[in-house]
Structures are given as structure tokens and as C-alpha cells.
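Presented below is the structure to which this report refers.
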Amino acid sequence: INEVKPIITSLGFHGPLPILDSNLANLFDLYLQMAAIITNPPFDQLGEPDVVETEVLLGRMPQARVNNKAYDPVFPQWAMKSPVVSCKALEAIKAGQKEMPPAKVIDATFTGNKYTDYYNRMNAIIDEVISTAKHHNDNTPSVVVISDKEAFTGEPPKIPIHPVLLTRAIHTLLVNTGIERNISVVVESGYVRSGHDMGVLVAHGASGVCPYMLDEIASQAQNPEQALHNLYAAENY
């Protein structure tokens with residue numbers, strides 16, 4: 001937020017492997033491996049900003065077929081500069097605009113203190129996303145927002161479901177049933193702390209990620225406008 005730069009490390013990481021760390025606080029850390037890797041030429045946006053494309057289109061996509069060069073009619077889509085979606089941009093997507101794909105927000109929290117409560121709610125969310133993708137038309141949502149913003153509200157307080165588990169399960173089912181091009185999944189989560197966490201979600205099938213907790217932290221800075229600009233400029237590297 002202050003330096004307008006992503007966090008970059010080098011020379012490896014000499015702490016315990018996350019899977020062996022008794023203080024593991026977030027599932028994202030299980031995917032964390034800091035290592036010094038040199039490639040020539042570079043294949044990341046920092047090294048090759050002119051050849052690495054980060055633009056993302058949110059919404060229903062035409063079906064691409066190997067044996068038929070004709071595409072289905074092109075559908076309206078939200079064009080994002082990268083998978084990192086600001087809270088301001090996400091609110092516009094949620095609100096909807098004329099001739100743009102409608103969005104559906106699904107609460108990614110649960111109540112209860114048993115594993116079955118967690119498991120049942122997670123399955124209900126997955127079923128709702130799959131049903132939305134299967135029963136699609138021009139008036140049904142083609143952007144699904146998986147959001148845990150309702151976490152810790154209500155009585156008893158709602159508990160967030162980790163977005164990695166949800167995103168992976170949803171993407172796997174969408175692909176296995178051949179309907180992954182009918183919708184785009186955007187994750188709105190307070191679990192996200194860094195560009196690494198966003199990358200994990202994109203790798204697991206998210207089309208976009210909104211780190212609303214980072215957004216709120218930047219909004220509390222002495223100069224909120226500059227802090228928000230710095231945050232998304234850094235995360236969009």
C-alpha cells in the first residue's frame with residue numbers, strides 16, 4: 001500500500017514447511033513455497049510486461065469446438081484488466097447494468113459447530129452454482145460471486161468457508177459436466193491477504209478475486225484514495 005509494489009522474496013525460505021507448521025493459520029500457506037527461480041527469458045509480468053496478458057472477461061463465453069470454427073453468438077461480458085477485482089468494480093458488477101451479464105451473490109458462510117454443518121452448507125453452495133450454470137439463458141446470471149462478507153454477523157455468528165475448498169470443488173464439477181463456459185466465478189473473501197493468495201484462487205478456477213479486507217485496510221489510511229490506488233496497482237503487477 002505504501003510502496004506500490006508487490007511483495008517479492010528471494011533466496012528461498014528457511015522456515016518450516018507449512019504442512020509441518022503447528023502455527024498454520026491459513027490454507028493458502030499450504031501452497032506457499034518461496035524459492036529463487038531464474039528463467040531466461042522471464043515469463044512473468046514483471047519481467048515481460050509487454051507479452052504477458054492479464055485481462056479477464058467475466059460472463060458467459062461462446063463454446064469453442066475443434067471441428068467447427070463457427071462460434072455461438074458472442075455474449076456481453078465484463079472486461080477486467082486483471083483477475084484482481086476492486087470492491088468498487090465488484091459492486092458495479094453486483095448492481096448490474098443494461099445489456100451486461102447479471103450477477104448472483106452466494107453467501108459462503110455457515111452456522112453451527114459441527115463438521116456436518118460445514119459440509120452440508122458447502123455442498124449447498126456448490127449445488128447452487130452448478131444449477132445456475134446448467135439452467136442458463138440470456139436473463140439468468142452468468143457471473144457468480146462467492147462471498148464471505150456476511151462472516152461473523154448474526155446470532156449465532158456466521159463462519160466463513162475457506163474459498164480454496166469451495167473454488168476447487170466448484171471448478172472441478174463445472175469442468176466435469178462441461179458447463180464451465182456458462183458462468184464466471186468471482187471470489188470475494190476476507191481470507192485473501194496477498195497476491196499469492198489471489199494466485200492460488202485463480203489457479204483453482206476463480207475468474208476474479210476481490211480482497212475486500214485489504215480494500216478496507218487501505219480505505220482507513222490517511223489518504224484512502226492514494227492507498228487504494230497503490231493497493232491495486234501493486235496487486236495488478
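Ordering of the C-alpha cells sets the chain letters (A, B, ...), residue numbers begin anew at 1 in every chain, and ligands are numbered from 1 in the order given.
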Checklist line | Exercise: stretch 187-201 of chain A partners within 6 Å, only C-alpha atoms, chain neighbours under 2 positions left out, as a count of residues only | finding: 14
Next item on the list: For atom CA of A:Leu173 and atom CA of A:His135, quote the distance in Å rounded to one decimal.
Entry: 14.9 Å
Check: Among stretch 110-198 of chain A, which residues carry a DSSP assignment of helix (DSSP H, G or I), reported as a PyMOL selection string?
Finding: chain A and resi 115-134+163-176+195-198
Item checked: Gap from atom CA of A:Asn113 to atom CA of A:Pro157 - Å, one decimal ->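 Rounded to one decimal, the two atoms are 10.7 Å apart.
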